[in-house]
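Asks: Sending over a structure as structure tokens; questions will come in a sec.
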Amino acid sequence: MIKLEHVSKSYKSGVIPALNDVSITIKEGEFVFLVGDSGSGKSTLIKLLLKELEPSSGTITVNGQQLHKIRRRKIPKYRRNIGVVFQDFRLLKDRNVYENVAFAQRVVGTPGRRIKRAVPKMLSLVGLAAKYKSKPKQLSGGEQQRVAIARALVNQPKILLADEPTGNLDNKNAWEIMRLLSEINKRGTTVLVVTHNMEIVKAMDKRVITIRKGIVTEDED
């Protein structure tokens, strides 16, 4: 589902590269943690997978597509197969829960009748069906992150990238989010989670890829 072959990324010549000769293969349906210190290259890797950045060298293949062959106008279509969840939720503050999730479908031109079916289904999955009229400021941090996950999944992407999804949450809410991501993975979605939370990583017993200074130093199932 995701394959990086000898991928390097330098932001300036002569500076230590953000990623240095990274090769990783993630199979369809896997749940993988990506860990490492700040500045180790984790965020760069996520941006490369989203085609927000281009590698300096090497090739990246996602869902059978070689990213360097995707034309600029086709990038939005490519990104529809990737759901993304961030640390800071990135919800539309002036819209309610239902509208925040529906927005992801409206952007890609989903017909109204399909939105009316898909959004309640997604909110039920994340346990927020009763709060569909609430604005983000009326929700806890954990609930806001669940809305963000529902929005990321409503277009049924094959891959979910979660960049520090528990970074702004207390321990109880962090575990709720991880249980939800695990459930989503069991339903067939490939999940890649970037995190600093080693307590969660150790307890979940999943594959862990460690990056230090742009180099993959460990890859353990």
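We label chains A, B, ... in the order they appear in the structure tokens, count residues from 1 in each chain, and number ligands from 1 in the order shown.
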Each residue of stretch 160-213 of chain A lying at most 7 Å from stretch 78-94 of chain A should get a row with its shortest atom-to-atom pair and the distance in Å to one decimal, counting only C-alpha atoms; could you produce that, ordered by chain and increasing number, as CSV?

Replies:
```
residue,atom,partner,partner_atom,distance
A:Leu160,CA,A:Gly83,CA,4.6
A:Leu161,CA,A:Val84,CA,4.8
A:Ala162,CA,A:Val85,CA,4.6
A:Asp163,CA,A:Phe86,CA,5.0
A:Glu164,CA,A:Gln87,CA,5.1
A:Pro165,CA,A:Gln87,CA,4.7
A:Thr166,CA,A:Gln87,CA,6.5
A:Gly167,CA,A:Gln87,CA,5.6
A:Asn168,CA,A:Gln87,CA,6.3
```

Asks: Do you know which residues are at most 12 Å from A:Asn171 counting only C-alpha atoms, after dropping those on the same chain fewer than 2 positions away, and could you put them as a list in words?

Replies: Gly141, Gly142, Thr166, Gly167, Asn168, Leu169, Asn173, Ala174, Trp175, Glu176, Ile177, Met178, Asn197, Glu199 and Ile200 of chain A

Asks: Go through A:Gln156, A:Asn96, A:Ser23, A:Gln105 one by one, measure the shortest atom-to-atom distance of each to A:Thr59 using only C-alpha atoms, and give the residue with the smallest value.

Replies: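 Answer, going by the shortest atom-to-atom distance: A:Ser23.
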
Asks: Tell me which of A:Lys42, A:Lys69, A:Lys47, A:Arg113 sits closest to A:Ile209, counting only C-alpha atoms.

Replies: A:Lys42

Asks: Near A:Thr217, counting only C-alpha atoms, which residues have an atom at most 12 Å away, once you skip same-chain residues fewer than 6 positions from it, shown as a list in words?

Replies: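 Counting only C-alpha atoms, the residues come to Leu19, Asn20, Asp21, Val22, Ser23, Ile24, Leu34, Val35, Gly36, Ser40, Val208, Ile209, Thr210 and Ile211 of chain A.
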
Asks: Export, as an mmCIF file, in the first residue's frame, the selected residues with C-alpha atoms.

Replies:
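result27.cif, freshly written:
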```cif
data_model
loop_
_atom_site.group_PDB
_atom_site.id
_atom_site.type_symbol
_atom_site.label_atom_id
_atom_site.label_comp_id
_atom_site.auth_asym_id
_atom_site.auth_seq_id
_atom_site.Cartn_x
_atom_site.Cartn_y
_atom_site.Cartn_z
ATOM 1 C CA LEU A 19 15.312 11.931 5.184
ATOM 2 C CA ASN A 20 18.345 9.925 4.142
ATOM 3 C CA ASP A 21 18.016 6.800 1.943
ATOM 4 C CA VAL A 22 14.765 5.601 3.552
ATOM 5 C CA SER A 23 13.206 2.342 2.313
ATOM 6 C CA ILE A 24 9.909 1.232 3.902
ATOM 7 C CA LEU A 34 6.271 5.850 13.142
ATOM 8 C CA VAL A 35 8.318 7.156 16.061
ATOM 9 C CA GLY A 36 11.334 9.413 16.552
ATOM 10 C CA SER A 40 13.887 13.214 12.949
ATOM 11 C CA VAL A 208 7.049 0.190 15.027
ATOM 12 C CA ILE A 209 9.361 2.063 12.633
ATOM 13 C CA THR A 210 11.910 4.320 14.349
ATOM 14 C CA ILE A 211 13.526 7.250 12.535
#
```

Asks: Restricting the calculation to only C-alpha atoms, which member of A:Ile149, A:Val216, A:Met1, A:Ile159 is positioned closest to A:Leu125?

Replies: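 Ranking A:Ile149, A:Val216, A:Met1, A:Ile159 by distance to A:Leu125, first place goes to A:Ile149.
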
Asks: Neighbours of A:Ile16 within 12 Å (only C-alpha atoms; same-chain residues fewer than 5 positions away dropped), as a PyMOL selection string?

Replies: chain A and resi 8-11+39-41+213-215
